[in-house]
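File shown: model-v2.txt (compact mmCIF, C-alpha atoms).
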# COMPACT_ATOMS: atom_id res chain seq x y z
CA MET A 570 18.52 35.22 39.05
CA GLN A 571 21.97 33.84 39.84
CA GLY A 572 25.20 35.82 40.04
CA ALA A 573 26.49 33.77 37.12
CA HIS A 574 23.77 35.25 34.95
CA LEU A 575 24.90 38.82 35.73
CA ASP A 576 28.58 37.94 35.34
CA ALA A 577 27.94 36.48 31.88
CA LEU A 578 25.86 39.51 30.88
CA VAL A 579 28.59 41.96 31.89
CA THR A 580 31.25 39.88 30.13
CA THR A 581 29.22 39.75 26.91
CA ALA A 582 27.96 43.34 26.97
CA ALA A 583 30.97 44.75 25.10
CA ASP A 584 29.93 42.66 22.06
CA GLY A 585 26.33 43.85 22.27
CA ILE A 586 23.22 41.86 23.17
CA ALA A 587 19.85 41.84 21.44
CA PHE A 588 17.59 38.96 22.39
CA ASP A 589 13.92 38.49 23.32
CA GLY A 590 13.35 42.14 24.21
CA LEU A 591 16.66 42.64 26.03
CA VAL A 592 19.14 45.01 24.37
CA VAL A 593 22.57 46.02 25.70
CA GLU A 594 24.69 48.23 23.42
CA PRO A 595 28.14 49.70 24.10
CA ASP A 596 27.92 53.51 24.11
CA ASP A 597 30.85 55.91 24.57
CA GLY A 598 32.55 53.82 27.24
CA GLY A 599 29.28 52.84 28.88
CA TYR A 600 26.14 51.01 27.83
CA VAL A 601 22.59 51.64 26.74
CA VAL A 602 20.22 49.08 28.24
CA ALA A 603 16.74 48.73 26.73
CA VAL A 604 14.08 46.31 27.90
CA ASP A 605 10.74 46.36 26.08
CA GLY A 606 10.50 50.16 25.90
CA ASP A 607 12.44 51.04 29.08
CA SER A 608 15.84 52.59 28.34
CA HIS A 609 18.80 53.22 30.66
CA THR A 610 22.22 54.73 30.01
CA VAL A 611 24.93 53.45 32.35
CA GLU A 612 28.63 54.25 32.58
CA THR A 613 30.23 51.33 34.41
CA ASP A 614 29.95 47.56 34.66
CA GLU A 615 28.60 47.97 38.18
CA ASP A 616 25.88 50.28 36.90
CA LEU A 617 25.07 47.72 34.24
CA ARG A 618 24.86 45.01 36.88
CA ARG A 619 22.57 47.18 39.04
CA VAL A 620 20.16 47.93 36.17
CA ALA A 621 20.15 44.32 35.03
CA THR A 622 18.96 43.17 38.44
CA GLU A 623 15.72 45.06 37.76
CA TYR A 624 14.95 42.63 34.91
CA PRO A 625 15.78 39.18 36.28
CA ALA A 626 13.51 37.29 33.88
CA TYR A 627 15.09 38.88 30.80
CA VAL A 628 18.63 38.27 32.02
CA SER A 629 18.06 34.65 33.08
CA ASN A 630 16.16 34.01 29.84
CA TRP A 631 19.08 35.30 27.77
CA TYR A 632 21.53 33.27 29.85
CA PHE A 633 19.53 30.05 29.44
CA TRP A 634 19.20 30.27 25.69
CA HIS A 635 22.88 31.07 25.16
CA THR A 636 24.57 28.82 27.72
CA SER A 637 22.23 25.99 28.78
CA ALA A 638 20.03 25.27 25.76
CA PRO A 639 21.53 23.10 22.97
CA GLN A 640 23.09 25.40 20.41
CA LYS A 641 22.25 23.16 17.46
CA GLU A 642 19.78 25.23 15.42
CA ASP A 643 16.99 22.67 15.08
CA ARG A 644 17.06 21.66 18.76
CA TRP A 645 17.16 25.29 19.85
CA ALA A 646 14.12 26.05 17.68
CA PHE A 647 12.27 23.00 18.99
CA LEU A 648 12.73 24.04 22.63
CA ARG A 649 11.60 27.58 21.87
CA TRP A 650 8.53 26.20 20.10
CA ILE A 651 7.57 24.19 23.18
CA GLU A 652 7.35 27.29 25.37
CA GLY A 653 5.91 29.55 22.65
CA ALA A 654 8.89 31.88 22.51
CA GLU A 655 7.76 33.48 19.27
CA GLU A 656 4.23 34.18 20.52
CA ARG A 657 4.83 35.28 24.14
CA THR A 658 6.95 38.00 25.72
CA VAL A 659 9.47 36.94 28.36
CA PRO A 660 7.20 37.93 31.31
CA GLU A 661 4.27 36.11 29.71
CA ARG A 662 6.39 33.04 29.15
CA TYR A 663 7.74 33.02 32.68
CA ASP A 664 4.23 33.30 34.10
CA ALA A 665 3.13 30.38 31.94
CA LEU A 666 6.25 28.33 32.68
CA ALA A 667 5.72 28.75 36.40
CA ASP A 668 2.59 26.59 36.05
CA GLY A 669 4.01 24.46 33.25
CA VAL A 670 3.62 24.82 29.47
CA THR A 671 2.51 21.66 27.67
CA GLU A 672 2.77 20.72 24.01
CA SER A 673 2.21 17.42 22.20
CA TRP A 674 4.67 15.83 19.80
CA GLY A 675 3.14 12.80 18.18
CA GLN A 676 1.99 10.71 21.13
CA LEU A 677 4.30 12.54 23.53
CA GLN A 678 3.10 15.13 26.02
CA ILE A 679 5.95 17.50 26.87
CA THR A 680 5.71 19.91 29.81
CA ALA A 681 8.26 22.70 30.32
CA ARG A 682 8.79 24.57 33.59
CA VAL A 683 11.09 27.41 34.64
CA ASP A 684 13.62 26.81 37.42
CA ASP A 685 15.62 29.93 38.41
CA GLY A 686 15.75 30.92 34.75
CA SER A 687 16.67 27.46 33.52
CA ARG A 688 14.16 24.94 32.17
CA ARG A 689 13.15 21.46 33.31
CA TYR A 690 11.01 19.11 31.28
CA ASP A 691 8.67 16.16 31.84
CA ILE A 692 7.48 13.72 29.16
CA ARG A 693 4.68 11.18 29.24
CA HIS A 694 2.24 9.54 26.83
CA VAL A 695 -0.64 11.82 25.81
CA ASP A 696 -3.12 9.17 26.93
CA ASP A 697 -1.73 8.94 30.46
CA THR A 698 -4.04 10.84 32.77
CA ALA A 699 -3.15 8.71 35.77
CA THR A 700 -1.41 10.19 38.80
CA ASP A 701 2.37 10.30 38.74
CA ALA A 702 2.49 7.53 41.32
CA THR A 703 1.08 5.00 38.85
CA LEU A 704 3.58 5.82 36.09
CA GLU A 705 7.02 4.24 35.85
CA ARG A 706 9.58 7.00 36.38
CA HIS A 707 12.66 7.49 34.21
CA ASP A 708 15.36 10.14 34.05
CA ASP A 709 17.79 8.60 31.55
CA PRO A 710 17.03 9.26 27.85
CA LEU A 711 18.50 5.87 26.97
CA ASP A 712 15.52 4.21 28.67
CA ALA A 713 13.33 5.48 25.82
CA ARG A 714 15.06 3.10 23.43
CA THR A 715 13.52 0.18 25.32
CA LEU A 716 10.09 1.76 25.80
CA VAL A 717 9.53 2.25 22.07
CA LYS A 718 10.24 -1.35 21.06
CA HIS A 719 6.83 -2.80 21.94
CA ASP A 720 3.23 -1.60 22.22
CA ASP A 721 0.93 -2.07 25.22
CA ASP A 722 0.17 -5.65 24.12
CA GLY A 723 3.85 -6.55 23.89
CA LYS A 724 3.90 -6.55 20.09
CA TYR A 725 7.09 -5.40 18.38
CA ARG A 726 6.86 -1.96 16.75
CA PRO A 727 8.80 -2.02 13.45
CA LEU A 728 7.81 1.60 12.74
CA LYS A 729 8.88 4.13 15.37
CA THR A 730 6.27 6.67 14.23
CA ALA A 731 3.34 4.24 14.37
CA PRO A 732 0.55 5.50 16.69
CA THR A 733 1.14 2.53 19.01
CA LEU A 734 3.55 3.98 21.57
CA GLN A 735 3.11 2.17 24.86
CA THR A 736 1.71 3.96 27.92
CA GLY A 737 2.47 3.86 31.65
CA TRP A 738 5.77 5.76 31.91
CA GLN A 739 7.11 9.25 32.50
CA PHE A 740 10.44 11.03 32.18
CA VAL A 741 10.84 13.63 34.91
CA ASP A 742 13.03 16.66 35.57
CA LEU A 743 15.00 16.47 32.32
CA GLY A 744 17.40 19.17 31.24
CA PRO A 745 17.05 20.67 27.75
CA ALA A 746 19.64 18.42 26.09
CA ASP A 747 18.19 15.27 27.66
CA LEU A 748 14.69 16.33 26.66
CA VAL A 749 15.60 16.56 22.98
CA GLN A 750 17.61 13.33 23.15
CA THR A 751 14.63 11.48 24.63
CA VAL A 752 12.33 12.81 21.90
CA GLU A 753 14.85 11.70 19.26
CA PHE A 754 14.97 8.17 20.69
CA VAL A 755 11.16 7.98 20.47
CA TYR A 756 10.81 9.69 17.07
CA PRO A 757 14.19 9.72 15.27
CA ALA A 758 14.98 12.68 12.98
CA THR A 759 11.57 14.31 13.51
CA VAL A 760 13.01 17.42 15.16
CA ALA A 761 15.53 17.97 12.36
CA ASN A 762 13.00 17.41 9.57
CA TRP A 763 10.37 19.56 11.32
CA HIS A 764 12.90 22.39 11.47
CA ARG A 765 14.02 21.91 7.87
CA GLU A 766 10.43 22.18 6.74
CA ARG A 767 9.88 25.36 8.77
CA THR A 768 12.95 26.98 7.23
CA GLY A 769 12.16 25.80 3.69
CA ASP A 770 15.10 23.39 3.56
CA LEU A 771 13.33 20.03 3.65
CA ASP A 772 14.88 17.79 1.01
CA VAL A 773 12.24 15.42 -0.31
CA ASN A 774 13.12 12.21 -2.16
CA HIS A 775 10.15 11.03 -4.18
CA TRP A 776 9.17 7.44 -4.92
CA ARG A 777 10.92 7.00 -8.25
CA GLU A 778 14.26 8.45 -7.20
CA THR A 779 14.16 6.41 -3.99
CA MET A 780 13.40 3.20 -5.87
CA GLU A 781 16.19 3.89 -8.36
CA ARG A 782 18.63 3.66 -5.46
CA GLN A 783 17.44 0.17 -4.47
CA SER A 784 19.63 -2.79 -5.30
CA GLY A 785 19.91 -6.48 -4.48
CA ILE A 786 16.67 -8.08 -3.33
CA TYR A 787 14.95 -4.67 -3.26
CA GLY A 788 15.80 -3.87 -6.87
CA VAL A 789 12.65 -5.70 -7.97
CA VAL A 790 10.55 -2.76 -6.71
CA GLN A 791 11.79 -0.73 -9.66
CA THR A 792 9.59 -2.85 -11.92
CA TRP A 793 6.59 -0.91 -10.60
CA ASP A 794 7.63 1.98 -12.77
CA ARG A 795 6.31 0.04 -15.72
CA GLY A 796 2.78 0.13 -17.04
CA GLU A 797 0.41 0.82 -14.19
CA GLY A 798 3.18 1.63 -11.69
CA TYR A 799 1.59 4.89 -10.67
CA GLU A 800 -1.57 3.12 -9.53
CA HIS A 801 0.48 0.57 -7.58
CA VAL A 802 2.28 3.32 -5.66
CA ASN A 803 -1.06 4.88 -4.77
CA TRP A 804 -2.06 1.55 -3.23
CA VAL A 805 1.18 1.46 -1.24
CA ALA A 806 0.64 4.98 0.08
CA GLU A 807 -2.98 4.23 0.99
CA ALA A 808 -1.94 1.07 2.84
CA CYS A 809 1.07 2.43 4.74
CA CYS A 810 1.01 6.22 4.84
CA ASP A 811 -2.32 6.89 6.50
CA ASP A 812 -2.74 8.78 9.80
CA SER A 813 -4.03 5.56 11.35
CA GLN A 814 -0.73 3.83 10.54
CA CYS A 815 1.92 6.56 10.87
CA LEU A 816 2.17 9.90 12.66
CA LYS A 817 4.23 11.43 9.87
CA ARG A 818 2.74 13.50 7.06
CA ARG A 819 3.80 12.14 3.67
CA GLU A 820 5.52 14.81 1.59
CA TRP A 821 6.97 12.55 -1.08
CA GLU A 822 5.03 11.92 -4.30
CA TYR A 823 5.46 9.65 -7.30
CA ASP A 824 8.09 11.97 -8.78
CA ASP A 825 8.87 15.67 -9.02
CA GLU A 826 6.10 16.22 -11.57
CA THR A 827 3.48 13.65 -10.53
CA GLU A 828 1.50 13.81 -7.31
CA LEU A 829 -0.18 10.75 -5.87
CA ASP A 830 -3.97 10.66 -5.63
CA VAL A 831 -3.82 9.59 -1.97
CA ASP A 832 -3.79 12.31 0.70
CA GLY A 833 -0.54 12.65 2.64
CA GLY A 834 -2.16 12.86 6.06
CA ASP A 835 -2.14 15.43 8.85
CA GLY A 836 0.86 14.38 10.94
CA GLU A 837 2.91 16.99 12.82
CA PHE A 838 6.24 16.06 11.30
CA PRO A 839 7.01 15.51 7.62
CA CYS A 840 7.99 12.27 5.92
CA ARG A 841 10.62 13.18 3.35
CA GLU A 842 11.02 9.82 1.58
CA PRO A 843 9.58 6.27 1.51
CA CYS A 844 10.74 4.55 4.70
CA SER A 845 12.29 1.08 5.00
CA LEU A 846 8.96 -0.46 6.03
CA VAL A 847 7.27 0.92 2.89
CA ILE A 848 10.10 -0.34 0.69
CA SER A 849 10.05 -3.78 2.29
CA ALA A 850 6.28 -4.05 1.91
CA ALA A 851 6.44 -2.80 -1.68
CA ARG A 852 9.01 -5.48 -2.52
CA ARG A 853 6.61 -8.19 -1.37
CA TRP A 854 3.65 -6.62 -3.12
CA THR A 855 5.66 -6.25 -6.33
CA LYS A 856 6.15 -10.00 -6.41
CA LEU A 857 2.50 -10.70 -5.60
CA GLU A 858 1.31 -8.30 -8.29
CA GLY A 859 3.45 -10.18 -10.78
CA GLU A 860 1.12 -13.17 -10.57
CA GLN A 861 -1.33 -13.78 -13.39
CA SER A 862 -5.00 -13.29 -12.57
CA GLN A 863 -7.15 -16.41 -12.31
CA THR A 864 -10.92 -16.80 -12.31
CA TYR A 865 -12.46 -18.50 -9.27
CA GLU A 866 -16.14 -19.21 -8.86
CA PHE A 867 -17.76 -19.14 -5.42
CA GLU A 868 -21.33 -19.17 -4.22
CA LEU A 869 -21.95 -16.78 -1.30
CA THR A 870 -25.12 -15.39 0.18
CA PRO A 871 -25.34 -11.57 0.22
CA SER A 872 -24.67 -11.63 3.98
CA GLU A 873 -21.61 -13.85 3.51
CA LYS A 874 -20.20 -11.51 0.87
CA GLU A 875 -20.71 -8.57 3.22
CA GLN A 876 -19.07 -10.54 6.01
CA VAL A 877 -15.94 -11.22 3.95
CA GLU A 878 -15.75 -7.50 3.18
CA ARG A 879 -16.16 -6.67 6.86
CA ILE A 880 -13.39 -9.10 7.87
CA VAL A 881 -10.95 -7.48 5.44
CA GLU A 882 -11.94 -4.03 6.69
CA ALA A 883 -11.52 -4.98 10.36
CA VAL A 884 -8.11 -6.57 9.82
CA ALA A 885 -6.86 -3.65 7.70
CA ASP A 886 -7.97 -1.08 10.29
CA GLY A 887 -6.74 -3.06 13.30
CA GLU A 888 -10.22 -3.43 14.79
CA THR A 889 -10.31 -7.18 15.45
CA GLU A 890 -9.14 -7.08 19.09
CA ALA A 891 -11.79 -4.47 19.95
CA ILE A 892 -14.68 -6.59 18.63
CA ARG A 893 -16.44 -8.23 21.58
CA GLU A 894 -16.95 -11.97 21.46
CA ALA A 895 -20.63 -11.50 22.27
CA ASP A 896 -21.16 -9.11 19.34
CA VAL A 897 -22.17 -11.70 16.76
CA TYR A 898 -23.80 -8.95 14.68
CA ASP A 899 -20.33 -7.74 13.65
CA GLY A 900 -19.19 -9.61 10.56
CA ALA A 901 -15.62 -9.81 11.92
CA ASN A 902 -16.72 -11.31 15.23
CA ARG A 903 -14.56 -14.32 16.06
CA TYR A 904 -17.40 -16.80 16.51
CA ARG A 905 -19.22 -15.58 13.44
CA THR A 906 -16.00 -15.88 11.42
CA ARG A 907 -15.44 -19.39 12.76
CA PHE A 908 -19.00 -20.27 11.68
CA LEU A 909 -18.23 -18.97 8.18
CA ARG A 910 -15.08 -21.11 8.07
CA ALA A 911 -16.94 -24.18 9.30
CA LYS A 912 -19.57 -23.73 6.63
CA LEU A 913 -17.52 -22.70 3.58
CA PHE A 914 -13.98 -24.10 3.98
CA ASP A 915 -12.99 -27.70 3.35
CA ASP A 916 -10.50 -29.68 5.44
CA GLU A 917 -7.59 -28.29 3.37
CA GLY A 918 -8.63 -24.68 4.01
CA ASN A 919 -10.00 -24.06 0.51
CA LEU A 920 -12.84 -21.52 0.28
CA CYS A 921 -15.98 -23.29 -1.01
CA GLY A 922 -13.77 -26.30 -1.75
CA VAL A 923 -12.12 -24.45 -4.67
CA GLU A 924 -8.38 -25.09 -4.79
CA THR A 925 -5.98 -22.22 -5.54
CA ASP A 926 -4.25 -22.54 -8.89
CA ALA A 927 -0.60 -21.87 -7.99
CA GLU A 928 0.25 -21.24 -11.62
Before anything else, please render the file you have as structure tokens.
Amino acid sequence: MQGAHLDALVTTAADGIAFDGLVVEPDDGGYVVAVDGDSHTVETDEDLRRVATEYPAYVSNWYFWHTSAPQKEDRWAFLRWIEGAEERTVPERYDALADGVTESWGQLQITARVDDGSRRYDIRHVDDTATDATLERHDDPLDARTLVKHDDDGKYRPLKTAPTLQTGWQFVDLGPADLVQTVEFVYPATVANWHRERTGDLDVNHWRETMERQSGIYGVVQTWDRGEGYEHVNWVAEACCDDSQCLKRREWEYDDETELDVDGGDGEFPCREPCSLVISAARRWTKLEGEQSQTYEFELTPSEKEQVERIVEAVADGETEAIREADVYDGANRYRTRFLRAKLFDDEGNLCGVETDAE
């Protein structure tokens, strides 16, 4: 415990302190100090200082949360959640923090440690079990803005909360403010929305009210409120808002009175409205769904039909890269798919030689 901790405690004591099991109350020119059942009555500031030195963890804990931790409510709550402040007493927390307390946030693994009452934090990908020496070290939160742009294969990530965060890095020895800033660069607004949900203040904008705000090229999406619009929105949610595609948990529905049939997922942080990727995709699908149905006649063997179904499934679930070239028993195998193309497609790329009627 540093002298600055005691100085701040004595300076603040006249206003009263009640925090995490530490209580200091002015009393007839002196103070009553209570710490988890132990009570002391002291007459002078020096007496207060002497008693406080008997409870270094409580004093340094109070000092950290009121001088070092970000005072913005949602960030403060997030940091306390990481170390289990609502479930553990101060001594229990300090014992745990001495070894490091770890929580996951999406694909982030966050470890908190105590350092003379203050806190230091490390972040890495949850899948990184390699030694620290093999991970690229960072200490500037701004570096996270580059790390989140591409996945491990170098593909651009248009959705920050997609479960495709690249591996191989670590942020070390961050202070509390830098820790939260790094998390926000990786998963924007998740801390704020997580806290709003916990306090009952999450403002949810449902599909219809969100679409009513669209204009310009995105105004066409509003046409899905006609006829079978509800079914179309279910398809959008099933395609985009699944745990396999996004780490958020969808809280928005069709409108205030109409829930979607599709489950919202199990993500840690809530999704309060359709995101820009969903709106952009819905715009394209709105145009495609405006086409008139045509009847096409193909001849496929039962195995070929099953193979087409398997190819669609593999592409939709992102399985194609994991299918081994030697596994020709998988319908989405590259060589087996090339065989199907060689057999059934003509030189113009028409399935079974049947041209697509553009009208």
task: Choose the residue, out of A:Ala582, A:Ala746, A:Leu771, A:Val741, that has the smallest atom-to-atom separation from Gln640 in chain A; count only C-alpha atoms.
output: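 Of A:Ala582, A:Ala746, A:Leu771, A:Val741, the one nearest Gln640 in chain A, counting only C-alpha atoms, is A:Ala746.
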- request: Kindly give the distance, in Å, that separates CA of Gly590 in chain A and CA of Gly744 in chain A, rounded to a single decimal.
  value: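 Rounded to one decimal, the two atoms are 24.4 Å apart.
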Distance query His635 in chain A at most 12 Å, all atoms listed in the file, self and fewer than 3 positions along chain excluded, as an MDAnalysis selection string: chainID A and resid 574 577:578 581 586:589 628:632 638:642 645 686:687
Could you write those residues out with C-alpha atoms, as a short mmCIF file (atom, residue, chain, number, x, y, z; two decimals), keeping the file's coordinate frame?
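Wrote again-v6.cif, looks like this:
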data_model
loop_
_atom_site.label_atom_id
_atom_site.label_comp_id
_atom_site.auth_asym_id
_atom_site.auth_seq_id
_atom_site.Cartn_x
_atom_site.Cartn_y
_atom_site.Cartn_z
CA HIS A 574 23.77 35.25 34.95
CA ALA A 577 27.94 36.48 31.88
CA LEU A 578 25.86 39.51 30.88
CA THR A 581 29.22 39.75 26.91
CA ILE A 586 23.22 41.86 23.17
CA ALA A 587 19.85 41.84 21.44
CA PHE A 588 17.59 38.96 22.39
CA ASP A 589 13.92 38.49 23.32
CA VAL A 628 18.63 38.27 32.02
CA SER A 629 18.06 34.65 33.08
CA ASN A 630 16.16 34.01 29.84
CA TRP A 631 19.08 35.30 27.77
CA TYR A 632 21.53 33.27 29.85
CA ALA A 638 20.03 25.27 25.76
CA PRO A 639 21.53 23.10 22.97
CA GLN A 640 23.09 25.40 20.41
CA LYS A 641 22.25 23.16 17.46
CA GLU A 642 19.78 25.23 15.42
CA TRP A 645 17.16 25.29 19.85
CA GLY A 686 15.75 30.92 34.75
CA SER A 687 16.67 27.46 33.52
#
field: Residue among A:Val923, A:Val695, A:Ala758, A:Ala573 lying closest to Gln678 in chain A, counting only C-alpha atoms
entry: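 Selected residue with least distance to Gln678 in chain A: A:Val695.
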- prompt: Separation of CA of His764 in chain A and CA of Val670 in chain A, in Å?
  reply: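 These two atoms are separated by 20.4 Å.
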- prompt: If you count all atoms listed in the file, which residues fall within 8 Å of Gly833 in chain A, apart from same-chain ones fewer than 4 positions away, as a ChimeraX atom specification?
  reply: /A:810-811,818-820
message: So the first atom is CA of Cys815 in chain A and the second is CA of Trp738 in chain A; what is the distance between them in Å, to one decimal place?
response: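 Result for CA of Cys815 in chain A versus CA of Trp738 in chain A: 21.4 Å, one decimal.
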message: Report as a list of chain:residue names all protein, DNA and RNA residues lying within 9 Å of Leu575 in chain A, evaluated on all atoms listed in the file, omitting residues in the same chain fewer than 4 positions from it.
response: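 After dropping sequence-adjacent residues, the list is A:Met570, A:Gln571, A:Val579, A:Thr580, A:Arg618, A:Ala621, A:Thr622, A:Val628, A:Ser629, A:Tyr632.
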message: Quick one: residues within 8 Å of Phe838 in chain A, all atoms listed in the file, excluding same-chain residues fewer than 5 positions away - as a ChimeraX atom specification?
response: /A:759-760,762-763,816-818
Would you write out those residues with C-alpha atoms, as a tab-separated table (two decimals), in the frame of the given file?
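The result, stored in result-v8.tsv:
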chain	number	residue	atom	x	y	z
A	759	THR	CA	11.57	14.31	13.51
A	760	VAL	CA	13.01	17.42	15.16
A	762	ASN	CA	13.00	17.41	9.57
A	763	TRP	CA	10.37	19.56	11.32
A	816	LEU	CA	2.17	9.90	12.66
A	817	LYS	CA	4.23	11.43	9.87
A	818	ARG	CA	2.74	13.50	7.06
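For the choices A:Pro745, A:Tyr627, A:Ile892, A:Phe633, the atom-to-atom distance to Ile651 in chain A is smallest for A:Pro745 when using only C-alpha atoms.
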Top pick for closest residue to Gly900 in chain A, considering A:Val877, A:Leu920, A:Ala808, A:Ala702 and counting all atoms listed in the file: A:Val877
field: Spatial sel., origin (12.7, 9.1, 21.1), limit 10 Å, only C-alpha atoms, listed as a PyMOL selection string
entry: chain A and resi 677+710-717+729-730+748-759
- request: Rank nothing, just name the residue among A:Trp804, A:Tyr799, A:Trp776, A:Tyr690 nearest to Trp821 in chain A, using only C-alpha atoms.
  value: A:Trp776
message: List the spatial neighbours of Ala603 in chain A as a PyMOL selection string - criterion: any atom at most 7 Å away, only C-alpha atoms, same-chain residues fewer than 4 positions off excluded.
response: chain A and resi 591-593+607-609
